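**Student:** File data15.cif follows (mmCIF, N, CA and C atoms):
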data_coords
#
loop_
_atom_site.label_atom_id
_atom_site.label_comp_id
_atom_site.auth_asym_id
_atom_site.auth_seq_id
_atom_site.Cartn_x
_atom_site.Cartn_y
_atom_site.Cartn_z
N MET A 1 4.16 -9.89 28.04
CA MET A 1 4.28 -8.45 28.07
C MET A 1 5.73 -8.03 27.86
N LYS A 2 6.64 -8.84 28.40
CA LYS A 2 8.06 -8.52 28.27
C LYS A 2 8.49 -8.57 26.79
N LYS A 3 7.95 -9.54 26.05
CA LYS A 3 8.27 -9.64 24.62
C LYS A 3 7.75 -8.42 23.85
N LEU A 4 6.58 -7.94 24.25
CA LEU A 4 6.01 -6.76 23.60
C LEU A 4 6.88 -5.53 23.83
N ILE A 5 7.37 -5.38 25.04
CA ILE A 5 8.26 -4.25 25.35
C ILE A 5 9.58 -4.39 24.60
N GLN A 6 10.10 -5.61 24.50
CA GLN A 6 11.33 -5.84 23.74
C GLN A 6 11.12 -5.51 22.26
N LEU A 7 9.95 -5.89 21.75
CA LEU A 7 9.65 -5.58 20.36
C LEU A 7 9.58 -4.08 20.14
N ALA A 8 8.94 -3.36 21.06
CA ALA A 8 8.85 -1.90 20.95
C ALA A 8 10.24 -1.27 21.02
N ASP A 9 11.10 -1.75 21.91
CA ASP A 9 12.47 -1.24 22.00
C ASP A 9 13.23 -1.49 20.70
N CYS A 10 13.09 -2.69 20.18
CA CYS A 10 13.77 -3.04 18.93
C CYS A 10 13.25 -2.18 17.78
N TYR A 11 11.94 -1.93 17.75
CA TYR A 11 11.33 -1.10 16.72
C TYR A 11 11.89 0.31 16.79
N MET A 12 12.00 0.87 17.98
CA MET A 12 12.51 2.24 18.11
C MET A 12 13.99 2.32 17.76
N GLN A 13 14.76 1.30 18.09
CA GLN A 13 16.18 1.32 17.76
C GLN A 13 16.41 1.25 16.26
N LYS A 14 15.54 0.55 15.55
CA LYS A 14 15.70 0.41 14.11
C LYS A 14 15.01 1.54 13.34
N SER A 15 14.39 2.46 14.04
CA SER A 15 13.68 3.56 13.39
C SER A 15 14.57 4.80 13.33
N ASP A 16 14.30 5.60 12.33
CA ASP A 16 15.01 6.87 12.21
C ASP A 16 14.00 8.01 12.41
N TRP A 17 14.42 9.22 12.15
CA TRP A 17 13.56 10.37 12.42
C TRP A 17 12.32 10.37 11.55
N LYS A 18 12.40 9.80 10.35
CA LYS A 18 11.24 9.78 9.45
C LYS A 18 10.12 8.92 10.02
N ILE A 19 10.49 7.82 10.64
CA ILE A 19 9.49 6.94 11.26
C ILE A 19 8.84 7.65 12.44
N LEU A 20 9.63 8.38 13.21
CA LEU A 20 9.06 9.10 14.35
C LEU A 20 8.12 10.21 13.89
N VAL A 21 8.44 10.85 12.76
CA VAL A 21 7.53 11.86 12.20
C VAL A 21 6.22 11.20 11.77
N LEU A 22 6.31 10.04 11.15
CA LEU A 22 5.11 9.31 10.76
C LEU A 22 4.27 8.94 11.98
N LEU A 23 4.93 8.48 13.01
CA LEU A 23 4.23 8.10 14.23
C LEU A 23 3.51 9.29 14.85
N LYS A 24 4.20 10.41 14.91
CA LYS A 24 3.59 11.61 15.49
C LYS A 24 2.44 12.12 14.63
N SER A 25 2.59 12.10 13.31
CA SER A 25 1.49 12.56 12.46
C SER A 25 0.31 11.61 12.54
N CYS A 26 0.59 10.33 12.66
CA CYS A 26 -0.48 9.34 12.80
C CYS A 26 -1.26 9.59 14.09
N LEU A 27 -0.55 9.76 15.19
CA LEU A 27 -1.22 10.00 16.47
C LEU A 27 -1.93 11.34 16.50
N PHE A 28 -1.34 12.34 15.87
CA PHE A 28 -1.97 13.66 15.84
C PHE A 28 -3.29 13.63 15.09
N THR A 29 -3.28 13.03 13.91
CA THR A 29 -4.51 12.98 13.14
C THR A 29 -5.55 12.06 13.78
N LEU A 30 -5.10 11.00 14.43
CA LEU A 30 -6.04 10.15 15.17
C LEU A 30 -6.69 10.95 16.29
N GLY A 31 -5.91 11.76 16.98
CA GLY A 31 -6.45 12.62 18.03
C GLY A 31 -7.44 13.62 17.48
N LEU A 32 -7.14 14.16 16.30
CA LEU A 32 -8.09 15.09 15.68
C LEU A 32 -9.39 14.38 15.32
N LEU A 33 -9.26 13.19 14.76
CA LEU A 33 -10.46 12.46 14.36
C LEU A 33 -11.31 12.07 15.57
N LEU A 34 -10.67 11.63 16.62
CA LEU A 34 -11.41 11.18 17.80
C LEU A 34 -11.89 12.34 18.67
N GLY A 35 -11.16 13.42 18.67
CA GLY A 35 -11.46 14.49 19.59
C GLY A 35 -12.17 15.70 19.02
N MET A 36 -12.57 15.61 17.77
CA MET A 36 -13.24 16.77 17.19
C MET A 36 -14.60 16.98 17.85
N GLN A 37 -14.75 18.11 18.45
CA GLN A 37 -16.02 18.47 19.09
C GLN A 37 -16.64 19.65 18.36
N LEU A 38 -16.51 19.64 17.05
CA LEU A 38 -17.01 20.73 16.22
C LEU A 38 -18.41 20.40 15.71
N PRO A 39 -19.15 21.41 15.34
CA PRO A 39 -20.44 21.14 14.69
C PRO A 39 -20.23 20.34 13.40
N GLN A 40 -21.24 19.62 13.00
CA GLN A 40 -21.15 18.73 11.84
C GLN A 40 -20.70 19.46 10.57
N ARG A 41 -21.09 20.69 10.39
CA ARG A 41 -20.72 21.41 9.15
C ARG A 41 -19.21 21.69 9.09
N PHE A 42 -18.52 21.75 10.23
CA PHE A 42 -17.06 21.93 10.24
C PHE A 42 -16.33 20.60 10.30
N LYS A 43 -16.99 19.59 10.80
CA LYS A 43 -16.35 18.30 10.99
C LYS A 43 -16.08 17.59 9.66
N LYS A 44 -17.03 17.68 8.73
CA LYS A 44 -16.89 16.97 7.46
C LYS A 44 -15.66 17.38 6.67
N PRO A 45 -15.37 18.68 6.49
CA PRO A 45 -14.18 19.04 5.71
C PRO A 45 -12.87 18.61 6.38
N LEU A 46 -12.83 18.51 7.68
CA LEU A 46 -11.61 18.11 8.38
C LEU A 46 -11.43 16.60 8.45
N ALA A 47 -12.50 15.87 8.44
CA ALA A 47 -12.43 14.43 8.65
C ALA A 47 -11.71 13.71 7.50
N LYS A 48 -11.98 14.08 6.27
CA LYS A 48 -11.38 13.37 5.14
C LYS A 48 -9.87 13.53 5.06
N PRO A 49 -9.32 14.76 5.15
CA PRO A 49 -7.85 14.86 5.12
C PRO A 49 -7.18 14.16 6.31
N CYS A 50 -7.79 14.26 7.47
CA CYS A 50 -7.23 13.58 8.65
C CYS A 50 -7.25 12.07 8.47
N ALA A 51 -8.32 11.55 7.92
CA ALA A 51 -8.42 10.12 7.70
C ALA A 51 -7.38 9.64 6.69
N VAL A 52 -7.13 10.43 5.66
CA VAL A 52 -6.13 10.06 4.65
C VAL A 52 -4.72 10.05 5.26
N VAL A 53 -4.38 11.09 6.02
CA VAL A 53 -3.06 11.16 6.66
C VAL A 53 -2.91 10.01 7.65
N PHE A 54 -3.95 9.75 8.44
CA PHE A 54 -3.88 8.66 9.41
C PHE A 54 -3.69 7.32 8.71
N ALA A 55 -4.48 7.05 7.68
CA ALA A 55 -4.39 5.77 6.99
C ALA A 55 -3.02 5.58 6.34
N ALA A 56 -2.50 6.61 5.72
CA ALA A 56 -1.20 6.50 5.06
C ALA A 56 -0.08 6.28 6.07
N SER A 57 -0.08 7.06 7.15
CA SER A 57 0.99 6.91 8.14
C SER A 57 0.84 5.59 8.90
N TRP A 58 -0.39 5.17 9.18
CA TRP A 58 -0.60 3.89 9.87
C TRP A 58 -0.11 2.73 9.02
N PHE A 59 -0.40 2.78 7.73
CA PHE A 59 0.05 1.72 6.82
C PHE A 59 1.57 1.62 6.80
N LEU A 60 2.25 2.76 6.69
CA LEU A 60 3.72 2.74 6.66
C LEU A 60 4.30 2.25 7.98
N LEU A 61 3.72 2.68 9.10
CA LEU A 61 4.22 2.23 10.40
C LEU A 61 4.00 0.74 10.60
N MET A 62 2.83 0.26 10.24
CA MET A 62 2.53 -1.16 10.43
C MET A 62 3.34 -2.04 9.49
N SER A 63 3.64 -1.56 8.30
CA SER A 63 4.47 -2.36 7.39
C SER A 63 5.86 -2.56 7.98
N LYS A 64 6.41 -1.51 8.60
CA LYS A 64 7.72 -1.65 9.25
C LYS A 64 7.64 -2.59 10.44
N LEU A 65 6.56 -2.49 11.22
CA LEU A 65 6.39 -3.36 12.38
C LEU A 65 6.25 -4.81 11.94
N PHE A 66 5.46 -5.07 10.90
CA PHE A 66 5.29 -6.45 10.44
C PHE A 66 6.59 -7.02 9.89
N CYS A 67 7.38 -6.20 9.20
CA CYS A 67 8.69 -6.67 8.74
C CYS A 67 9.57 -7.05 9.93
N LEU A 68 9.52 -6.24 10.97
CA LEU A 68 10.29 -6.53 12.17
C LEU A 68 9.79 -7.79 12.86
N LEU A 69 8.48 -7.97 12.89
CA LEU A 69 7.90 -9.18 13.49
C LEU A 69 8.31 -10.43 12.73
N PHE A 70 8.21 -10.39 11.40
CA PHE A 70 8.60 -11.54 10.60
C PHE A 70 10.09 -11.83 10.75
N GLU A 71 10.88 -10.79 10.85
CA GLU A 71 12.32 -10.96 11.06
C GLU A 71 12.59 -11.63 12.41
N SER A 72 11.86 -11.20 13.43
CA SER A 72 12.08 -11.78 14.76
C SER A 72 11.59 -13.22 14.82
N PHE A 73 10.49 -13.54 14.11
CA PHE A 73 10.01 -14.92 14.10
C PHE A 73 10.95 -15.82 13.30
N SER A 74 11.57 -15.28 12.28
CA SER A 74 12.50 -16.09 11.51
C SER A 74 13.78 -16.38 12.29
N GLN A 75 14.13 -15.48 13.21
CA GLN A 75 15.30 -15.70 14.06
C GLN A 75 14.96 -16.56 15.26
N LYS A 76 13.67 -16.77 15.52
CA LYS A 76 13.16 -17.57 16.63
C LYS A 76 13.47 -16.99 18.00
N ASP A 77 14.04 -15.81 18.04
CA ASP A 77 14.38 -15.21 19.33
C ASP A 77 14.50 -13.71 19.16
N MET A 78 13.89 -12.99 20.10
CA MET A 78 14.02 -11.54 20.09
C MET A 78 15.40 -11.18 20.64
N PRO A 79 16.03 -10.15 20.09
CA PRO A 79 17.33 -9.72 20.66
C PRO A 79 17.13 -9.25 22.10
N GLU A 80 17.98 -9.70 22.95
CA GLU A 80 17.89 -9.34 24.37
C GLU A 80 18.42 -7.93 24.58
N GLN A 81 17.71 -7.17 25.39
CA GLN A 81 18.13 -5.82 25.74
C GLN A 81 19.03 -5.88 26.96
N GLN A 82 20.04 -5.05 26.96
CA GLN A 82 20.94 -5.04 28.12
C GLN A 82 20.65 -3.87 29.01
#
Can I see the file as structure tokens?
**Tutor:**
Amino acid sequence: MKKLIQLADCYMQKSDWKILVLLKSCLFTLGLLLGMQLPQRFKKPLAKPCAVVFAASWFLLMSKLFCLLFESFSQKDMPEQQ
């Protein structure tokens, strides 16, 4: 669990405002997709754009995370937080 927290800290330190915007849009659209309590006739038009935004932002976020993971595995050690 400690390594996971260190990875999250390292991810946030290497991220800029654009990554945080992606993260927020990803979580927002995921919340819309999961929390829609609308009738079916209103749900369909909203589901597709939300799914596209979620998929695009999730892909970009995960690509950065995987790059960070591969970098940390190549160094054989996570940077220690002080």
**Student:** With a cut-off of 7 Å, could you pull out the residues of segment 42-82 of chain A touching segment 14-33 of chain A and give me the nearest pair of atoms for each, distance in Å to one decimal, using only N, CA and C atoms, ordered by chain and ascending number, as a Markdown table?
**Tutor:**
| residue | atom | partner | partner_atom | distance |
| --- | --- | --- | --- | --- |
| A:Ala47 | CA | A:Leu33 | CA | 6.4 |
| A:Cys50 | CA | A:Thr29 | CA | 5.3 |
| A:Ala51 | N | A:Thr29 | C | 6.5 |
| A:Val53 | C | A:Cys26 | CA | 5.7 |
| A:Phe54 | CA | A:Cys26 | CA | 4.8 |
| A:Ala55 | N | A:Cys26 | CA | 6.9 |
| A:Ser57 | CA | A:Leu22 | CA | 5.4 |
| A:Trp58 | N | A:Cys26 | CA | 5.5 |
| A:Leu61 | CA | A:Leu23 | N | 6.8 |
**Student:** In Å, rounded to a single decimal, give me how far atom N of Leu34 of chain A is from atom N of Val52 of chain A.
**Tutor:**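 Separating atom N of Val52 of chain A from atom N of Leu34 of chain A is a distance of 11.6 Å.
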**Student:** What separation in Å, quoted to one decimal, exists between atom C of Lys2 of chain A and atom CA of Leu69 of chain A?
**Tutor:**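 Between atom C of Lys2 of chain A and atom CA of Leu69 of chain A the gap is 13.3 Å.
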**Student:** Between atom C of Leu7 of chain A and atom C of Phe59 of chain A, what is the distance, to one decimal in Å?
**Tutor:**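 Between atom C of Leu7 of chain A and atom C of Phe59 of chain A the gap works out to 16.6 Å.
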**Student:** I need the residues in chain A that are alpha helix (DSSP H) according to DSSP; give them as a compact mmCIF listing (two decimals) with N, CA and C atoms, keeping the file's coordinate frame.
**Tutor:**
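For reference, result.txt as written:
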# COMPACT_ATOMS: atom_id res chain seq x y z
N LYS A 2 6.64 -8.84 28.40
CA LYS A 2 8.06 -8.52 28.27
C LYS A 2 8.49 -8.57 26.79
N LYS A 3 7.95 -9.54 26.05
CA LYS A 3 8.27 -9.64 24.62
C LYS A 3 7.75 -8.42 23.85
N LEU A 4 6.58 -7.94 24.25
CA LEU A 4 6.01 -6.76 23.60
C LEU A 4 6.88 -5.53 23.83
N ILE A 5 7.37 -5.38 25.04
CA ILE A 5 8.26 -4.25 25.35
C ILE A 5 9.58 -4.39 24.60
N GLN A 6 10.10 -5.61 24.50
CA GLN A 6 11.33 -5.84 23.74
C GLN A 6 11.12 -5.51 22.26
N LEU A 7 9.95 -5.89 21.75
CA LEU A 7 9.65 -5.58 20.36
C LEU A 7 9.58 -4.08 20.14
N ALA A 8 8.94 -3.36 21.06
CA ALA A 8 8.85 -1.90 20.95
C ALA A 8 10.24 -1.27 21.02
N ASP A 9 11.10 -1.75 21.91
CA ASP A 9 12.47 -1.24 22.00
C ASP A 9 13.23 -1.49 20.70
N CYS A 10 13.09 -2.69 20.18
CA CYS A 10 13.77 -3.04 18.93
C CYS A 10 13.25 -2.18 17.78
N TYR A 11 11.94 -1.93 17.75
CA TYR A 11 11.33 -1.10 16.72
C TYR A 11 11.89 0.31 16.79
N MET A 12 12.00 0.87 17.98
CA MET A 12 12.51 2.24 18.11
C MET A 12 13.99 2.32 17.76
N GLN A 13 14.76 1.30 18.09
CA GLN A 13 16.18 1.32 17.76
C GLN A 13 16.41 1.25 16.26
N TRP A 17 14.42 9.22 12.15
CA TRP A 17 13.56 10.37 12.42
C TRP A 17 12.32 10.37 11.55
N LYS A 18 12.40 9.80 10.35
CA LYS A 18 11.24 9.78 9.45
C LYS A 18 10.12 8.92 10.02
N ILE A 19 10.49 7.82 10.64
CA ILE A 19 9.49 6.94 11.26
C ILE A 19 8.84 7.65 12.44
N LEU A 20 9.63 8.38 13.21
CA LEU A 20 9.06 9.10 14.35
C LEU A 20 8.12 10.21 13.89
N VAL A 21 8.44 10.85 12.76
CA VAL A 21 7.53 11.86 12.20
C VAL A 21 6.22 11.20 11.77
N LEU A 22 6.31 10.04 11.15
CA LEU A 22 5.11 9.31 10.76
C LEU A 22 4.27 8.94 11.98
N LEU A 23 4.93 8.48 13.01
CA LEU A 23 4.23 8.10 14.23
C LEU A 23 3.51 9.29 14.85
N LYS A 24 4.20 10.41 14.91
CA LYS A 24 3.59 11.61 15.49
C LYS A 24 2.44 12.12 14.63
N SER A 25 2.59 12.10 13.31
CA SER A 25 1.49 12.56 12.46
C SER A 25 0.31 11.61 12.54
N CYS A 26 0.59 10.33 12.66
CA CYS A 26 -0.48 9.34 12.80
C CYS A 26 -1.26 9.59 14.09
N LEU A 27 -0.55 9.76 15.19
CA LEU A 27 -1.22 10.00 16.47
C LEU A 27 -1.93 11.34 16.50
N PHE A 28 -1.34 12.34 15.87
CA PHE A 28 -1.97 13.66 15.84
C PHE A 28 -3.29 13.63 15.09
N THR A 29 -3.28 13.03 13.91
CA THR A 29 -4.51 12.98 13.14
C THR A 29 -5.55 12.06 13.78
N LEU A 30 -5.10 11.00 14.43
CA LEU A 30 -6.04 10.15 15.17
C LEU A 30 -6.69 10.95 16.29
N GLY A 31 -5.91 11.76 16.98
CA GLY A 31 -6.45 12.62 18.03
C GLY A 31 -7.44 13.62 17.48
N LEU A 32 -7.14 14.16 16.30
CA LEU A 32 -8.09 15.09 15.68
C LEU A 32 -9.39 14.38 15.32
N LEU A 33 -9.26 13.19 14.76
CA LEU A 33 -10.46 12.46 14.36
C LEU A 33 -11.31 12.07 15.57
N LEU A 34 -10.67 11.63 16.62
CA LEU A 34 -11.41 11.18 17.80
C LEU A 34 -11.89 12.34 18.67
N GLY A 35 -11.16 13.42 18.67
CA GLY A 35 -11.46 14.49 19.59
C GLY A 35 -12.17 15.70 19.02
N GLN A 40 -21.24 19.62 13.00
CA GLN A 40 -21.15 18.73 11.84
C GLN A 40 -20.70 19.46 10.57
N ARG A 41 -21.09 20.69 10.39
CA ARG A 41 -20.72 21.41 9.15
C ARG A 41 -19.21 21.69 9.09
N PHE A 42 -18.52 21.75 10.23
CA PHE A 42 -17.06 21.93 10.24
C PHE A 42 -16.33 20.60 10.30
N LYS A 43 -16.99 19.59 10.80
CA LYS A 43 -16.35 18.30 10.99
C LYS A 43 -16.08 17.59 9.66
N LYS A 44 -17.03 17.68 8.73
CA LYS A 44 -16.89 16.97 7.46
C LYS A 44 -15.66 17.38 6.67
N PRO A 45 -15.37 18.68 6.49
CA PRO A 45 -14.18 19.04 5.71
C PRO A 45 -12.87 18.61 6.38
N LEU A 46 -12.83 18.51 7.68
CA LEU A 46 -11.61 18.11 8.38
C LEU A 46 -11.43 16.60 8.45
N ALA A 47 -12.50 15.87 8.44
CA ALA A 47 -12.43 14.43 8.65
C ALA A 47 -11.71 13.71 7.50
N LYS A 48 -11.98 14.08 6.27
CA LYS A 48 -11.38 13.37 5.14
C LYS A 48 -9.87 13.53 5.06
N PRO A 49 -9.32 14.76 5.15
CA PRO A 49 -7.85 14.86 5.12
C PRO A 49 -7.18 14.16 6.31
N CYS A 50 -7.79 14.26 7.47
CA CYS A 50 -7.23 13.58 8.65
C CYS A 50 -7.25 12.07 8.47
N ALA A 51 -8.32 11.55 7.92
CA ALA A 51 -8.42 10.12 7.70
C ALA A 51 -7.38 9.64 6.69
N VAL A 52 -7.13 10.43 5.66
CA VAL A 52 -6.13 10.06 4.65
C VAL A 52 -4.72 10.05 5.26
N VAL A 53 -4.38 11.09 6.02
CA VAL A 53 -3.06 11.16 6.66
C VAL A 53 -2.91 10.01 7.65
N PHE A 54 -3.95 9.75 8.44
CA PHE A 54 -3.88 8.66 9.41
C PHE A 54 -3.69 7.32 8.71
N ALA A 55 -4.48 7.05 7.68
CA ALA A 55 -4.39 5.77 6.99
C ALA A 55 -3.02 5.58 6.34
N ALA A 56 -2.50 6.61 5.72
CA ALA A 56 -1.20 6.50 5.06
C ALA A 56 -0.08 6.28 6.07
N SER A 57 -0.08 7.06 7.15
CA SER A 57 0.99 6.91 8.14
C SER A 57 0.84 5.59 8.90
N TRP A 58 -0.39 5.17 9.18
CA TRP A 58 -0.60 3.89 9.87
C TRP A 58 -0.11 2.73 9.02
N PHE A 59 -0.40 2.78 7.73
CA PHE A 59 0.05 1.72 6.82
C PHE A 59 1.57 1.62 6.80
N LEU A 60 2.25 2.76 6.69
CA LEU A 60 3.72 2.74 6.66
C LEU A 60 4.30 2.25 7.98
N LEU A 61 3.72 2.68 9.10
CA LEU A 61 4.22 2.23 10.40
C LEU A 61 4.00 0.74 10.60
N MET A 62 2.83 0.26 10.24
CA MET A 62 2.53 -1.16 10.43
C MET A 62 3.34 -2.04 9.49
N SER A 63 3.64 -1.56 8.30
CA SER A 63 4.47 -2.36 7.39
C SER A 63 5.86 -2.56 7.98
N LYS A 64 6.41 -1.51 8.60
CA LYS A 64 7.72 -1.65 9.25
C LYS A 64 7.64 -2.59 10.44
N LEU A 65 6.56 -2.49 11.22
CA LEU A 65 6.39 -3.36 12.38
C LEU A 65 6.25 -4.81 11.94
N PHE A 66 5.46 -5.07 10.90
CA PHE A 66 5.29 -6.45 10.44
C PHE A 66 6.59 -7.02 9.89
N CYS A 67 7.38 -6.20 9.20
CA CYS A 67 8.69 -6.67 8.74
C CYS A 67 9.57 -7.05 9.93
N LEU A 68 9.52 -6.24 10.97
CA LEU A 68 10.29 -6.53 12.17
C LEU A 68 9.79 -7.79 12.86
N LEU A 69 8.48 -7.97 12.89
CA LEU A 69 7.90 -9.18 13.49
C LEU A 69 8.31 -10.43 12.73
N PHE A 70 8.21 -10.39 11.40
CA PHE A 70 8.60 -11.54 10.60
C PHE A 70 10.09 -11.83 10.75
N GLU A 71 10.88 -10.79 10.85
CA GLU A 71 12.32 -10.96 11.06
C GLU A 71 12.59 -11.63 12.41
N SER A 72 11.86 -11.20 13.43
CA SER A 72 12.08 -11.78 14.76
C SER A 72 11.59 -13.22 14.82
N PHE A 73 10.49 -13.54 14.11
CA PHE A 73 10.01 -14.92 14.10
C PHE A 73 10.95 -15.82 13.30
N SER A 74 11.57 -15.28 12.28
CA SER A 74 12.50 -16.09 11.51
C SER A 74 13.78 -16.38 12.29
N GLN A 75 14.13 -15.48 13.21
CA GLN A 75 15.30 -15.70 14.06
C GLN A 75 14.96 -16.56 15.26
**Student:** Given the file shown, determine the residues that the PyMOL selection byres (((chain A and resi 9-11 and name CA) around 10) and name CA) selects; report them as an MDAnalysis selection string.
**Tutor:** chainID A and resid 3:8 12:16 19 64:65 68:69 72 78:81
